[in-house]
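Colleague: Questions regarding the structure given below will be posed in turn.
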Amino acid sequence: MKIAFAASEAAPYVKTGGLGDVMQALPTALSKMPENEVVLMLPYYGSIKYGSEFKTKYLFCFDVTLGWRQCHVGLFQLVTRKHGPKVYFIDNEQYFCRDRIYGEGDDGERFAFFSKAVLASLNALSFWPDVLHCNDWQTALIPMLLKSEFATAFPYTKSVFTIHNVEYQGWAEETFNMDVLGLPAQYTEVLRFGKDNASNFMKSAVVMTDAITTVSETYAGELQYPYYAHGMHEILCYYPQKMHGITNGIDETMFNPRKDPALASCFSPATAAAGKKANKLALQREVGLTEDEDSAMLAIVSRFASHKGLDLLTYIADALLRRRVQLVLLGTGEARYESFFTDLANRYPGRVATLLKFDAGLANRVYAAADIYLMPSKSEPCGLSQMIAMRYGAIPVVHAVGGLHDTVPPYDPATGEGRGFTFRSYNGDDFLAAIDRALALYYNDPQAFADLRVRDMKLDLSWKVPAAKYMALYHEITGK
Ligand code: ADP
């Protein structure tokens with residue numbers, strides 16, 4: 001089957017969060033199946049174009065129409081990669097060579113351009129996929145473009161739209177179609193959403209795509225409710241037959257404590273007890289914590305955004321630090337969290353390390369060093385961090401929502417079953433109680449804690465099962 005992915009990020013080229021991980025792993029997993037031909041389309045951000053890490057070759061250029069303008073598209077192909085999908089980069093310096101990849105005033109126009117350029121490039125490459133798999137709001141216009149401006153070029157291509165996070169939907173003004181897309185007026189109606197008659201990219205995808213997936217089964221159900229869906233339930237409820245929940249995996253080659261070059265000491269489930277201690281001591285030295293191999297190390301590696309449940313952590317922080325724990329916080333994001341956690345580290349020197357940066361190697365060292373991983377997300381489409389944590393032998397404490405509910409069943413001391421510690425009601429006291437249960441196991445029953453750690457490390461969290469489920473869905477919608 002011919003499969004094309006379009007996304008605004010994919011590791012290792014560019015990554016700000018879980019979408020980047022998924023866009024690395026899923027196309028790779030599918031490309032390993034001999035029957036598939038897989039391509040991945042990405043923006044040619046300045047960091048990739050002018051960085052020295054990824055070698056590309058220039059293929060050709062042409063223009064696409066955006067409103068009244070002709071916009072340059074340069075197409076580049078990655079040449080360093082021997083295996084996996086073919087990776088193409090869409091070049092337009094004005095749109096993609098900026099200091100950051102999201103958060104610009106003209107994001108809507110930038111990714112509308114990208115969406116049109118993806119379709120025009122695939123056509124120019126004579127690659128007419130059976131399935132064009134789009135991801136999040138940045139590529140949400142593609143299903144509509146596929147059935148309008150590009151319908152003649154792609155008569156047989158079906159689209160899949162994956163909601164990695166419903167919170168970011170791609171809002172624009174009412175006139176967006178007229179000003180930027182230039183599609184017939186009926187598509188302004190497809191985009192129209194909400195009481196201000198605004199345009200909403202994700203809404204158009206829900207209406208126009210052949211299948212919608214979300215990144216966990218529980219999240220697929222949650223999206224029917226206003227509490228989780230940020231308004232999108234009003235449209236999703238019309239298309240229950242399109243909706244599929246497929247829980248993400250993690251790339252087990254990338255996230256492998258046995259062979260991770262970033263770690264001070266590699267380890268397997270069999271050597272986890274000693275390996276984790278060595279990594280803990282190394283991280284304590286690296287980030288300026290008191291060297292203490294016995295103290296429980298708690299960690300978070302996350303975007304500092306409110307839906308990650310950081311308010312709960314700020315609420316319990318002082319109470320938590322009355323326990324014998326060390327806390328490592330790696331992330332960047334909203335200023336209120338950055339300053340709270342910086343202040344916390346100043347107030348608890350040697351016990352709290354706040355690391356305000358995005359650093360993949362350091363992230364893996366934190367997972368490898370931590371005994372307990374905290375993920376109190378208010379909502380969580382799937383969450384990869386808790387899976388990476390388990391793979392690196394850190395026991396997760398999670399709010400049982402979305403993918404956290406699906407991937408971290410609660411530990412039952414009576415049977416020894418389960419993977420971590422969970423709380424159901426979103427409040428700080430229940431979060432602290434769940435952490436206390438984890439700490440009780442860590443300090444009072446080290447053998448049971450070590451057994452749980454080994455079981456978590458051995459779980460099959462790979463992309464094998466989810467990739468097979470995506471293939472089944474592709475077969476279903478294409479009839480092939
Ligand atoms: P989300 O996609 O909502 O950000 P996920 O848990 O699905 O959350 O994925 C987050 C990914 O980003 C994980 O691979 C995590 O390790 C990584 N990550 C988050 N913050 C950082 C950081 N500051 N440095 C390095 N990696 C990070």
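Chain lettering (A, B, ...) mirrors the order of the structure tokens, residue numbering begins at 1 for each chain separately, and ligand numbering begins at 1 in order of display.
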Assign secondary structure with DSSP using the backbone only, and return the residues of stretch 374-462 of chain A in alpha helix (DSSP H) as a count of residues only.
Modeller: 43
Colleague: Hey, what's within 10 Å of A:Asp179 if we count only C-alpha atoms and toss same-chain stuff fewer than 3 positions away? As an MDAnalysis selection string, please?
Modeller: chainID A and resid 66:69 109 173:176 182:183
Colleague: Determine, counting only C-alpha atoms, which protein, DNA and RNA residues have an atom within 7 Å of an atom of A:Glu380; residues of the same chain fewer than 5 positions away are not included. Present the result as a list in words.
Modeller: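 Selected residues are Val401, Gly402, Gly403 and Leu404 of chain A.
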Colleague: Could those residues be written to a file, using N, CA, C and O atoms, as a tab-separated table (two decimals), in the first residue's frame?
Modeller:
```tsv
chain	number	residue	atom	x	y	z
A	401	VAL	N	-6.66	9.23	33.22
A	401	VAL	CA	-7.47	9.75	32.11
A	401	VAL	C	-6.80	9.36	30.78
A	401	VAL	O	-5.59	9.10	30.73
A	402	GLY	N	-7.59	9.36	29.71
A	402	GLY	CA	-7.07	9.17	28.36
A	402	GLY	C	-6.11	8.00	28.28
A	402	GLY	O	-6.35	6.91	28.82
A	403	GLY	N	-5.00	8.25	27.60
A	403	GLY	CA	-4.02	7.18	27.41
A	403	GLY	C	-3.34	6.75	28.69
A	403	GLY	O	-2.82	5.63	28.77
A	404	LEU	N	-3.36	7.61	29.71
A	404	LEU	CA	-2.75	7.21	30.99
A	404	LEU	C	-3.60	6.09	31.60
A	404	LEU	O	-3.08	5.15	32.21
```
Colleague: If we count only C-alpha atoms and set the cut-off at 7 Å, which residues sit around A:Lys357, ignoring sequence neighbours fewer than 6 positions away in its own chain? Please answer as a list in words.
Modeller: Leu330, Gly331 and Thr332 of chain A
Colleague: Residues of chain A that have any atom at most 10 Å from an atom of ligand 1: could you tabulate them with the shortest-distance atom pair and the distance in Å to one decimal, using only C-alpha atoms and all ligand atoms, ordered by chain and increasing number, as a tab-separated table?
Modeller:
```
residue	atom	partner	partner_atom_place_in_ligand_line	distance
A:Ala11	CA	ligand 1	14 (O)	9.5
A:Lys15	CA	ligand 1	12 (O)	7.6
A:Thr16	CA	ligand 1	12 (O)	6.3
A:Gly17	CA	ligand 1	4 (O)	3.7
A:Gly18	CA	ligand 1	2 (O)	3.2
A:Leu19	CA	ligand 1	2 (O)	5.6
A:Gly20	CA	ligand 1	11 (C)	7.7
A:Asp21	CA	ligand 1	14 (O)	6.3
A:Val22	CA	ligand 1	7 (O)	8.6
A:His164	CA	ligand 1	2 (O)	7.6
A:Asn165	CA	ligand 1	3 (O)	7.5
A:Val215	CA	ligand 1	7 (O)	9.4
A:Asn248	CA	ligand 1	7 (O)	9.0
A:Ile250	CA	ligand 1	14 (O)	8.7
A:Asp251	CA	ligand 1	14 (O)	9.9
A:Phe255	CA	ligand 1	14 (O)	9.1
A:Ile300	CA	ligand 1	20 (N)	8.5
A:Val301	CA	ligand 1	20 (N)	4.9
A:Ser302	CA	ligand 1	20 (N)	3.7
A:Arg303	CA	ligand 1	20 (N)	4.8
A:Phe304	CA	ligand 1	20 (N)	8.0
A:Ala305	CA	ligand 1	3 (O)	8.7
A:His307	CA	ligand 1	3 (O)	8.7
A:Lys308	CA	ligand 1	3 (O)	7.5
A:Leu329	CA	ligand 1	23 (N)	8.6
A:Leu330	CA	ligand 1	23 (N)	5.0
A:Gly331	CA	ligand 1	23 (N)	3.5
A:Thr332	CA	ligand 1	23 (N)	5.7
A:Gly333	CA	ligand 1	23 (N)	8.9
A:Leu355	CA	ligand 1	23 (N)	7.8
A:Leu356	CA	ligand 1	23 (N)	6.9
A:Lys357	CA	ligand 1	23 (N)	5.1
A:Phe358	CA	ligand 1	24 (N)	3.5
A:Asp359	CA	ligand 1	24 (N)	4.0
A:Ala360	CA	ligand 1	25 (C)	4.0
A:Gly361	CA	ligand 1	25 (C)	7.1
A:Leu362	CA	ligand 1	25 (C)	6.8
A:Ala363	CA	ligand 1	25 (C)	4.8
A:Asn364	CA	ligand 1	16 (O)	7.2
A:Val366	CA	ligand 1	16 (O)	9.4
A:Tyr367	CA	ligand 1	16 (O)	8.4
A:Met375	CA	ligand 1	6 (O)	8.7
A:Ser377	CA	ligand 1	3 (O)	9.2
A:Ser379	CA	ligand 1	3 (O)	9.5
A:Glu380	CA	ligand 1	3 (O)	7.1
A:Pro381	CA	ligand 1	7 (O)	7.7
A:Cys382	CA	ligand 1	7 (O)	6.1
A:Gly383	CA	ligand 1	7 (O)	3.6
A:Leu384	CA	ligand 1	6 (O)	3.9
A:Ser385	CA	ligand 1	6 (O)	4.0
A:Gln386	CA	ligand 1	6 (O)	6.7
A:Met387	CA	ligand 1	6 (O)	8.3
A:Ile388	CA	ligand 1	16 (O)	7.2
A:Ala389	CA	ligand 1	16 (O)	8.6
A:Gly403	CA	ligand 1	7 (O)	9.3
A:Leu404	CA	ligand 1	6 (O)	9.6
```
Colleague: Can you tell me how far atom CA of A:Phe62 sits from atom CA of A:Asp91, in Å to one decimal?
Modeller: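 For atom CA of A:Phe62 relative to atom CA of A:Asp91, the distance reads 10.6 Å.
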Colleague: How close does each residue of stretch 305-421 of chain A get to stretch 265-287 of chain A, giving the shortest atom pair and distance in Å to one decimal for every residue with an atom at most 9 Å away, counting only C-alpha atoms, sorted by chain and residue number, as a Markdown table?
Modeller:
```
| residue | atom | partner | partner_atom | distance |
| --- | --- | --- | --- | --- |
| A:Val328 | CA | A:Val287 | CA | 8.7 |
| A:Gly350 | CA | A:Gln284 | CA | 8.6 |
| A:Ala353 | CA | A:Val287 | CA | 6.4 |
| A:Thr354 | CA | A:Val287 | CA | 8.6 |
| A:Leu355 | CA | A:Val287 | CA | 8.1 |
| A:Leu362 | CA | A:Leu283 | CA | 8.9 |
| A:Arg365 | CA | A:Leu283 | CA | 6.9 |
| A:Val366 | CA | A:Leu283 | CA | 7.1 |
| A:Ala368 | CA | A:Lys276 | CA | 6.2 |
| A:Ala369 | CA | A:Lys280 | CA | 4.1 |
| A:Ala370 | CA | A:Lys280 | CA | 6.8 |
| A:Asp371 | CA | A:Lys276 | CA | 8.0 |
| A:Tyr392 | CA | A:Lys276 | CA | 8.6 |
| A:Gly393 | CA | A:Ala272 | CA | 7.3 |
```
Colleague: Please produce a file of those selected residues containing C-alpha atoms, as a PDB file, in the first residue's frame.
Modeller:
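Output contents, as saved in selection27.pdb:
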```pdb
ATOM      1  CA  VAL A 328      13.749  16.574  39.111  1.00  0.00           C
ATOM      2  CA  GLY A 350      20.128  19.777  46.824  1.00  0.00           C
ATOM      3  CA  ALA A 353      16.478  20.363  40.367  1.00  0.00           C
ATOM      4  CA  THR A 354      14.588  22.534  37.866  1.00  0.00           C
ATOM      5  CA  LEU A 355      16.008  22.238  34.366  1.00  0.00           C
ATOM      6  CA  LEU A 362      19.062  14.690  29.497  1.00  0.00           C
ATOM      7  CA  ARG A 365      19.058  10.346  31.858  1.00  0.00           C
ATOM      8  CA  VAL A 366      16.198  11.621  34.007  1.00  0.00           C
ATOM      9  CA  ALA A 368      16.876   6.288  33.839  1.00  0.00           C
ATOM     10  CA  ALA A 369      17.654   7.872  37.193  1.00  0.00           C
ATOM     11  CA  ALA A 370      14.114   8.316  38.485  1.00  0.00           C
ATOM     12  CA  ASP A 371      12.392   5.804  40.745  1.00  0.00           C
ATOM     13  CA  TYR A 392      13.546   2.999  31.844  1.00  0.00           C
ATOM     14  CA  GLY A 393      12.339   1.505  35.133  1.00  0.00           C
TER      15      GLY A 393
END
```
Colleague: Between atom CA of A:Gly245 and atom CA of A:Asp136, measure the distance and give it in Å to one decimal.
Modeller: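 One can read the atom CA of A:Gly245 to atom CA of A:Asp136 distance as 14.8 Å.
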Colleague: Can you pull out the residues contacting stretch 438-446 of chain A? Cut-off 8 Å, using only C-alpha atoms, and skip same-chain residues under 4 positions away; I want them as number ranges by chain.
Modeller: A: 296, 372, 397, 420-421, 434, 450
Colleague: Any idea what's packed within 10 Å of A:Asp460, counting only C-alpha atoms, ignoring anything in its chain fewer than 4 positions away? Could you give it as a list in words?
Modeller: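 Neighbouring residues, sequence-local ones excluded: Gly249, Ile250, Glu252, Arg391, Asp456, Lys464 and Val465 of chain A.
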Colleague: Please dump the current selection as a short mmCIF file (atom, residue, chain, number, x, y, z; two decimals), in the first residue's frame; keep C-alpha atoms.
Modeller:
```cif
data_model
loop_
_atom_site.label_atom_id
_atom_site.label_comp_id
_atom_site.auth_asym_id
_atom_site.auth_seq_id
_atom_site.Cartn_x
_atom_site.Cartn_y
_atom_site.Cartn_z
CA GLY A 249 3.49 2.79 21.20
CA ILE A 250 7.04 3.99 21.72
CA GLU A 252 11.80 0.69 21.44
CA ARG A 391 10.79 1.28 29.83
CA ASP A 456 7.21 -2.49 33.64
CA LYS A 464 3.87 -3.56 16.54
CA VAL A 465 0.27 -3.72 17.73
#
```
Colleague: For A:Val352, work out the shell of residues within 6 Å, counting only C-alpha atoms and skipping chain neighbours fewer than 6 positions away, then give it as a PyMOL selection string.
Modeller: chain A and resi 326-328+345
Colleague: Given the selection you just returned, output its residues as a file containing C-alpha atoms, formatted as a compact mmCIF listing (two decimals), in the first residue's frame.
Modeller:
```txt
# COMPACT_ATOMS: atom_id res chain seq x y z
CA GLN A 326 14.27 14.39 45.52
CA LEU A 327 12.44 16.06 42.65
CA VAL A 328 13.75 16.57 39.11
CA ALA A 345 14.68 24.63 43.51
```
Colleague: Using DSSP on the backbone coordinates, identify the residues of stretch 1-196 of chain A assigned to strand (DSSP E or B); present them as number ranges by chain.
Modeller: A: 2-6, 10, 14, 37-43, 56-66, 69-78, 86-91, 131-135, 158-163, 171-172, 192-193
